[in-house]
Amino acid sequence: MASKTPARDRPSAGRSARPSFRQKVMAALVLSLLDAWAEVLLAKSREASRATPVRPHWEDAVDMNAAAPPWGRNPSSWSHRIPVAVLAAVGAILAACMGLYQLQWIDSVWDPAFGPGTQRVLTSELSQTIYRIFHVPDALLGALAYGAEILLALAGSTRRWQYRPWIVALFGLNVLGLAGIGMALVLAQGLVVKSWCFWCLVATSISLLLAALSVKEVYASLFYLGRVREPSGRLGVVWRTFWGQASPSADRAALAKE
């Protein structure tokens with residue numbers, strides 16, 4: 001006779017597991033990114049039909065390529081962001097190739113400057129320690145960071161410094177994280193591993209160049225949030241503006257002249 005399953009081992013009928021706080025945060029970020037991508041597609045479609053995007057509460061047409069104070073140009077323009085995405089793609093390819101070597105999916109990595117130096121660095125005790133902590137090779141972690149940089153560089157419209165400050169903030173944090181960790185690993189190569197990795201140096205140079213190309217947009221967004229706070233001094237308005245909520249005071253801050 002078949003034994004009955006204990007009551008505590010049976011799934012409870014009519015009950016659904018509540019999502020954790022982490023799941024709620026990730027879902028909110030994914031939905032916000034999708035909303036930002038939808039804004040890009042909408043702006044492109046309106047541009048194609050020669051229609052000017054209009055914010056719901058504005059009476060006047062919005063110039064999507066307006067300069068972002070304090071700069072005289074728009075740092076969120078595609079001419080600024082496309083090069084960032086291309087450079088990040090190059091960094092992602094380099095990091096992915098090194099990660100495949102660390103996973104032993106390819107037999108060797110060519111180093112035009114330091115001979116076997118790249119292989120020594122990628123198989124060093126430091127790299128193995130990082131792998132034991134994260135269960136992912138450090139080069140693949142870098143490839144994921146570069147991939148995130150591509151997505152964040154292309155998300156949002158050409159006025160995301162105003163409409164999506166949170167994307168610009170994530171973009172800046174990712175860029176600074178890449179540059180900082182890259183510099184730390186370069187120092188570790190000379191001080192700990194006692195060997196040099198040519199492609200690691202190239203990837204770090206790319207991350208520093210990305211930081212240099214991105215600093216104007218990040219500063220423009222922070223400058224805008226500072227202007228939003230100035231009239232009232234209320235952080236609540238800044239917080240809502242940071243997450244993309246439109247308001248007349250925020251729009252006035254964006255259009256105010258120097």
# chains A, B, ... in the order shown; residues from 1 in each chain; ligands from 1
$ residues_around --residues "Ala250 in chain A" --least-positions-apart "3" --cutoff "7 Å" --atoms "only C-alpha atoms" --output "JSON list (two decimals) with C-alpha atoms, in the first residue's frame"
[["chain", "number", "residue", "atom", "x", "y", "z"],
["A", 228, "VAL", "CA", 15.71, 70.83, -8.91],
["A", 241, "THR", "CA", 12.85, 63.45, -10.25],
["A", 246, "ALA", "CA", 7.91, 64.72, -14.29],
["A", 247, "SER", "CA", 7.04, 67.92, -12.47],
["A", 253, "ALA", "CA", 15.18, 73.64, -13.65],
["A", 254, "ALA", "CA", 16.08, 71.90, -16.90]]
$ residues_around --residues "range 215-224 of chain A" --least-positions-apart "2" --cutoff "8 Å" --atoms "only C-alpha atoms" --output "list of chain:residue names"
A:Ala68, A:Pro69, A:Pro70, A:Trp71, A:Pro75, A:Ser76, A:Trp161, A:Gln162, A:Pro165, A:Val168, A:Ala169, A:Gly172, A:Ala211, A:Ala212, A:Leu213, A:Gly226, A:Arg227, A:Val228, A:Ala253, A:Ala254
$ closest_residue --among "A:Ser77, A:Ser195, A:Thr123, A:Ser207" --to "Leu178 in chain A" --atoms "only C-alpha atoms"
A:Ser207
$ closest_residue --among "A:Arg240, A:Arg132, A:Arg234, A:His80" --to "Ala153 in chain A" --atoms "only C-alpha atoms"
A:His80
$ closest_residue --among "A:Leu225, A:Ala85, A:Leu185, A:Leu122" --to "Ser108 in chain A" --atoms "only C-alpha atoms"
A:Leu122
$ residues_around --residues "Ala148 in chain A" --least-positions-apart "2" --cutoff "10 Å" --atoms "only C-alpha atoms" --output "PyMOL selection string"
chain A and resi 85+88+92+142-146+150-153+170-171+174-175
$ select_by_dssp --residues "range 43-210 of chain A" --states "helix (DSSP H, G or I)" --output "number ranges by chain"
A: 43-48, 78-102, 117-122, 125-134, 138-154, 160-163, 165-193, 198-210
$ residues_around --residues "Asn65 in chain A" --least-positions-apart "6" --cutoff "7 Å" --atoms "only C-alpha atoms" --output "list of chain:residue names"
A:Asn74, A:Ser77, A:Thr158, A:Arg159
